[in-house]
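K.L.:
Structure provided below as structure tokens; questions to follow.
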Amino acid sequence: MITYQSEIDFELENQSEVTEWIKYIIEEESLELGDLTYVFCSDAYLYDLNVEFLQHDTLTDIISFDYRVGDLVNGEIYISIDRVKENAMDFGVSFVDELHRVIIHGVLHICGYDDLTDAEEKAMRTKEDWALSLRDFLKDNL
């Protein structure tokens, strides 16, 4: 089950379509959806989590807490809407496209992908691009 929560005044549009897209990506990874929670928050909220749990004194757009058990995808994904808005402007993409990239980035972490090295980061970006290419196709065909 996928749930969406917000610590700020934000509501994800098209939740059912996004949910079906995430489920599809998880299934394509030969994994099974367990309980996945997205929490949309501010920079300040995510910064505090970053310092407390990861000992990182920086802003970030996403933190994924992986509670996966075997092939069952479970976790919490925290997304800073402030960072997503700023990154969308910096990268010259729409807010929705950047939000969806970050949403799927968190799922990919829980599916086992990492981005600590250059090679891992490249593989993660390729996987994100693949997932994003399926988003519109699935919306029109589910």
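Identifiers in the structure tokens: chain A, B, ... in order shown; residue index from 1 per chain; ligand index from 1 in order shown.
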Determine, counting only C-alpha atoms, which protein, DNA and RNA residues have an atom within 9 Å of an atom of His105 of chain A; residues of the same chain fewer than 6 positions away are not included. Present the result as a PyMOL selection string.

P.N.:
chain A and resi 62+113+124-125+127-128

K.L.:
Just write the chosen residues, N, CA and C atoms, as a PDB file, in the first residue's frame.

P.N.:
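The result, stored in result.pdb:
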ATOM      1  N   ILE A  62      15.597  14.630  -0.927  1.00  0.00           N
ATOM      2  CA  ILE A  62      14.947  13.366  -0.571  1.00  0.00           C
ATOM      3  C   ILE A  62      15.783  12.573   0.423  1.00  0.00           C
ATOM      4  N   TYR A 113      18.933   0.204  -5.619  1.00  0.00           N
ATOM      5  CA  TYR A 113      19.876   1.039  -6.368  1.00  0.00           C
ATOM      6  C   TYR A 113      20.500   2.082  -5.447  1.00  0.00           C
ATOM      7  N   MET A 124      21.609   4.950 -11.778  1.00  0.00           N
ATOM      8  CA  MET A 124      20.381   5.459 -11.160  1.00  0.00           C
ATOM      9  C   MET A 124      19.680   6.416 -12.118  1.00  0.00           C
ATOM     10  N   ARG A 125      20.422   7.321 -12.732  1.00  0.00           N
ATOM     11  CA  ARG A 125      19.816   8.283 -13.662  1.00  0.00           C
ATOM     12  C   ARG A 125      19.205   7.575 -14.868  1.00  0.00           C
ATOM     13  N   LYS A 127      17.985   4.552 -14.858  1.00  0.00           N
ATOM     14  CA  LYS A 127      16.778   3.891 -14.361  1.00  0.00           C
ATOM     15  C   LYS A 127      15.651   4.912 -14.157  1.00  0.00           C
ATOM     16  N   GLU A 128      15.994   6.096 -13.629  1.00  0.00           N
ATOM     17  CA  GLU A 128      14.994   7.158 -13.471  1.00  0.00           C
ATOM     18  C   GLU A 128      14.406   7.543 -14.828  1.00  0.00           C
TER      19      GLU A 128
END

K.L.:
Enumerate, as a PyMOL selection string, the complete set of residues in chain A that a backbone-based DSSP assignment places in strand (DSSP E).

P.N.:
chain A and resi 2-6+32-41+62-66+72-80

K.L.:
What is the distance, in Å and to one decimal place, between atom CA of Ile25 of chain A and atom CA of Val39 of chain A?

P.N.:
19.4 Å

K.L.:
Considering only C-alpha atoms, return as an MDAnalysis selection string whatever protein or nucleic-acid residues lie within 10 Å of Glu20 of chain A, sequence-local ones (same chain, fewer than 4 positions apart) excluded.

P.N.:
chainID A and resid 2 15:16 24:26 135 138:139 142

K.L.:
Name the residues in contact with Leu108 of chain A at a cut-off of 12 Å, using only C-alpha atoms, excluding same-chain residues fewer than 4 positions from it; report them as an mmCIF file with N, CA and C atoms, in the first residue's frame.

P.N.:
data_model
loop_
_atom_site.group_PDB
_atom_site.id
_atom_site.type_symbol
_atom_site.label_atom_id
_atom_site.label_comp_id
_atom_site.auth_asym_id
_atom_site.auth_seq_id
_atom_site.Cartn_x
_atom_site.Cartn_y
_atom_site.Cartn_z
ATOM 1 N N ILE A 22 4.165 3.808 -9.700
ATOM 2 C CA ILE A 22 5.140 3.294 -8.730
ATOM 3 C C ILE A 22 5.013 1.779 -8.609
ATOM 4 N N LYS A 23 3.785 1.281 -8.500
ATOM 5 C CA LYS A 23 3.564 -0.168 -8.406
ATOM 6 C C LYS A 23 4.153 -0.887 -9.617
ATOM 7 N N ILE A 25 6.633 0.056 -11.578
ATOM 8 C CA ILE A 25 8.099 0.077 -11.517
ATOM 9 C C ILE A 25 8.602 -0.979 -10.532
ATOM 10 N N ILE A 26 7.954 -1.078 -9.387
ATOM 11 C CA ILE A 26 8.346 -2.085 -8.393
ATOM 12 C C ILE A 26 8.203 -3.494 -8.982
ATOM 13 N N GLU A 27 7.083 -3.752 -9.661
ATOM 14 C CA GLU A 27 6.870 -5.062 -10.273
ATOM 15 C C GLU A 27 7.897 -5.345 -11.361
ATOM 16 N N GLU A 28 8.271 -4.319 -12.128
ATOM 17 C CA GLU A 28 9.286 -4.483 -13.169
ATOM 18 C C GLU A 28 10.645 -4.842 -12.575
ATOM 19 N N GLU A 29 10.862 -4.487 -11.332
ATOM 20 C CA GLU A 29 12.096 -4.843 -10.627
ATOM 21 C C GLU A 29 11.991 -6.233 -9.987
ATOM 22 N N LEU A 31 9.950 -7.185 -7.727
ATOM 23 C CA LEU A 31 9.717 -7.019 -6.299
ATOM 24 C C LEU A 31 8.231 -6.861 -6.046
ATOM 25 N N ILE A 63 15.091 11.897 1.312
ATOM 26 C CA ILE A 63 15.706 10.883 2.167
ATOM 27 C C ILE A 63 14.790 9.665 2.131
ATOM 28 N N SER A 64 15.394 8.516 1.860
ATOM 29 C CA SER A 64 14.649 7.258 1.836
ATOM 30 C C SER A 64 15.071 6.401 3.014
ATOM 31 N N PHE A 65 14.098 5.914 3.755
ATOM 32 C CA PHE A 65 14.347 4.953 4.820
ATOM 33 C C PHE A 65 13.865 3.594 4.313
ATOM 34 N N ASP A 66 14.801 2.705 4.119
ATOM 35 C CA ASP A 66 14.545 1.411 3.512
ATOM 36 C C ASP A 66 14.238 0.386 4.595
ATOM 37 N N ARG A 68 12.867 -2.618 3.602
ATOM 38 C CA ARG A 68 12.593 -3.763 2.747
ATOM 39 C C ARG A 68 12.929 -5.067 3.462
ATOM 40 N N VAL A 73 8.880 -4.520 -0.732
ATOM 41 C CA VAL A 73 9.318 -3.128 -0.679
ATOM 42 C C VAL A 73 8.535 -2.378 0.387
ATOM 43 N N ASN A 74 9.230 -1.991 1.440
ATOM 44 C CA ASN A 74 8.663 -1.207 2.535
ATOM 45 C C ASN A 74 9.599 -0.034 2.795
ATOM 46 N N GLY A 75 9.029 1.121 3.103
ATOM 47 C CA GLY A 75 9.890 2.236 3.442
ATOM 48 C C GLY A 75 9.137 3.532 3.618
ATOM 49 N N ILE A 77 9.664 7.634 2.505
ATOM 50 C CA ILE A 77 10.393 8.517 1.613
ATOM 51 C C ILE A 77 9.953 9.944 1.916
ATOM 52 N N ARG A 101 10.546 12.615 -10.776
ATOM 53 C CA ARG A 101 11.894 12.048 -10.769
ATOM 54 C C ARG A 101 12.315 11.721 -9.332
ATOM 55 N N VAL A 102 12.036 12.633 -8.419
ATOM 56 C CA VAL A 102 12.427 12.414 -7.022
ATOM 57 C C VAL A 102 11.595 11.290 -6.404
ATOM 58 N N ILE A 103 10.318 11.257 -6.715
ATOM 59 C CA ILE A 103 9.448 10.182 -6.218
ATOM 60 C C ILE A 103 10.005 8.821 -6.633
ATOM 61 N N ILE A 104 10.360 8.681 -7.906
ATOM 62 C CA ILE A 104 10.839 7.376 -8.372
ATOM 63 C C ILE A 104 12.259 7.114 -7.885
ATOM 64 N N GLY A 112 16.962 -1.182 -4.240
ATOM 65 C CA GLY A 112 18.338 -1.669 -4.190
ATOM 66 C C GLY A 112 19.359 -0.858 -4.961
ATOM 67 N N TYR A 113 18.933 0.204 -5.619
ATOM 68 C CA TYR A 113 19.876 1.039 -6.368
ATOM 69 C C TYR A 113 20.500 2.082 -5.447
ATOM 70 N N ASP A 114 21.750 2.407 -5.726
ATOM 71 C CA ASP A 114 22.442 3.415 -4.947
ATOM 72 C C ASP A 114 23.021 4.454 -5.894
ATOM 73 N N ASP A 115 23.556 5.522 -5.340
ATOM 74 C CA ASP A 115 24.118 6.587 -6.179
ATOM 75 C C ASP A 115 25.330 7.233 -5.510
ATOM 76 N N GLU A 120 27.350 4.298 -10.090
ATOM 77 C CA GLU A 120 26.022 4.074 -9.495
ATOM 78 C C GLU A 120 25.082 5.230 -9.822
ATOM 79 N N GLU A 121 25.599 6.438 -9.773
ATOM 80 C CA GLU A 121 24.779 7.608 -10.080
ATOM 81 C C GLU A 121 24.302 7.574 -11.528
ATOM 82 N N ALA A 123 23.901 4.838 -13.368
ATOM 83 C CA ALA A 123 22.909 3.759 -13.462
ATOM 84 C C ALA A 123 21.570 4.205 -12.881
ATOM 85 N N MET A 124 21.609 4.950 -11.778
ATOM 86 C CA MET A 124 20.381 5.459 -11.160
ATOM 87 C C MET A 124 19.680 6.416 -12.118
ATOM 88 N N ARG A 125 20.422 7.321 -12.732
ATOM 89 C CA ARG A 125 19.816 8.283 -13.662
ATOM 90 C C ARG A 125 19.205 7.575 -14.868
ATOM 91 N N THR A 126 19.871 6.546 -15.351
ATOM 92 C CA THR A 126 19.326 5.761 -16.471
ATOM 93 C C THR A 126 18.020 5.096 -16.064
ATOM 94 N N LYS A 127 17.985 4.552 -14.858
ATOM 95 C CA LYS A 127 16.778 3.891 -14.361
ATOM 96 C C LYS A 127 15.651 4.912 -14.157
ATOM 97 N N GLU A 128 15.994 6.096 -13.629
ATOM 98 C CA GLU A 128 14.994 7.158 -13.471
ATOM 99 C C GLU A 128 14.406 7.543 -14.828
ATOM 100 N N ASP A 129 15.282 7.728 -15.815
ATOM 101 C CA ASP A 129 14.820 8.106 -17.155
ATOM 102 C C ASP A 129 13.899 7.037 -17.727
ATOM 103 N N TRP A 130 14.256 5.781 -17.529
ATOM 104 C CA TRP A 130 13.422 4.668 -17.990
ATOM 105 C C TRP A 130 12.047 4.722 -17.316
ATOM 106 N N ALA A 131 12.039 4.921 -16.012
ATOM 107 C CA ALA A 131 10.774 4.971 -15.272
ATOM 108 C C ALA A 131 9.929 6.153 -15.724
#

K.L.:
Give me the residues near segment 78-91 of chain A as an MDAnalysis selection string, where near means some atom within 9 Å (using only C-alpha atoms) and where sequence neighbours in that chain fewer than 2 positions away do not count.

P.N.:
chainID A and resid 8 10 37:47 59:65 76 93:99 102:103 106

K.L.:
For the residues in the current selection, export C-alpha atoms as a CSV table (one decimal), in the first residue's frame.

P.N.:
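Here's the written file selection.csv:
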chain,number,residue,atom,x,y,z
A,8,ILE,CA,3.2,21.3,4.7
A,10,PHE,CA,0.9,20.3,-0.3
A,37,THR,CA,4.9,6.1,2.7
A,38,TYR,CA,5.7,9.4,1.1
A,39,VAL,CA,6.0,12.4,3.3
A,40,PHE,CA,6.1,15.8,1.6
A,41,CYS,CA,7.8,18.4,3.7
A,42,SER,CA,9.8,21.7,3.9
A,43,ASP,CA,13.6,22.1,3.6
A,44,ALA,CA,13.8,22.7,7.4
A,45,TYR,CA,11.9,19.5,8.2
A,46,LEU,CA,14.1,17.4,5.9
A,47,TYR,CA,17.2,19.1,7.0
A,59,LEU,CA,19.9,20.4,2.5
A,60,THR,CA,18.7,17.6,0.3
A,61,ASP,CA,15.6,16.9,-1.8
A,62,ILE,CA,14.9,13.4,-0.6
A,63,ILE,CA,15.7,10.9,2.2
A,64,SER,CA,14.6,7.3,1.8
A,65,PHE,CA,14.3,5.0,4.8
A,76,GLU,CA,9.4,5.9,4.2
A,93,VAL,CA,12.1,21.3,-16.1
A,94,SER,CA,8.6,21.5,-14.8
A,95,PHE,CA,7.9,21.1,-11.1
A,96,VAL,CA,5.8,17.9,-11.8
A,97,ASP,CA,8.6,16.3,-13.8
A,98,GLU,CA,11.2,17.0,-11.1
A,99,LEU,CA,8.8,15.8,-8.4
A,102,VAL,CA,12.4,12.4,-7.0
A,103,ILE,CA,9.4,10.2,-6.2
A,106,GLY,CA,13.3,7.1,-3.6

K.L.:
If I take atom CA of Leu72 of chain A and atom CA of Gln5 of chain A, how far is one from the other in Å, to one decimal?

P.N.:
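For atom CA of Leu72 of chain A relative to atom CA of Gln5 of chain A, the distance reads 21.1 Å.
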
K.L.:
I'd like the interatomic distance between atom CA of Tyr67 of chain A and atom CA of Leu116 of chain A, to a tenth of an Å.

P.N.:
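Going from atom CA of Tyr67 of chain A over to atom CA of Leu116 of chain A, I get 19.3 Å.
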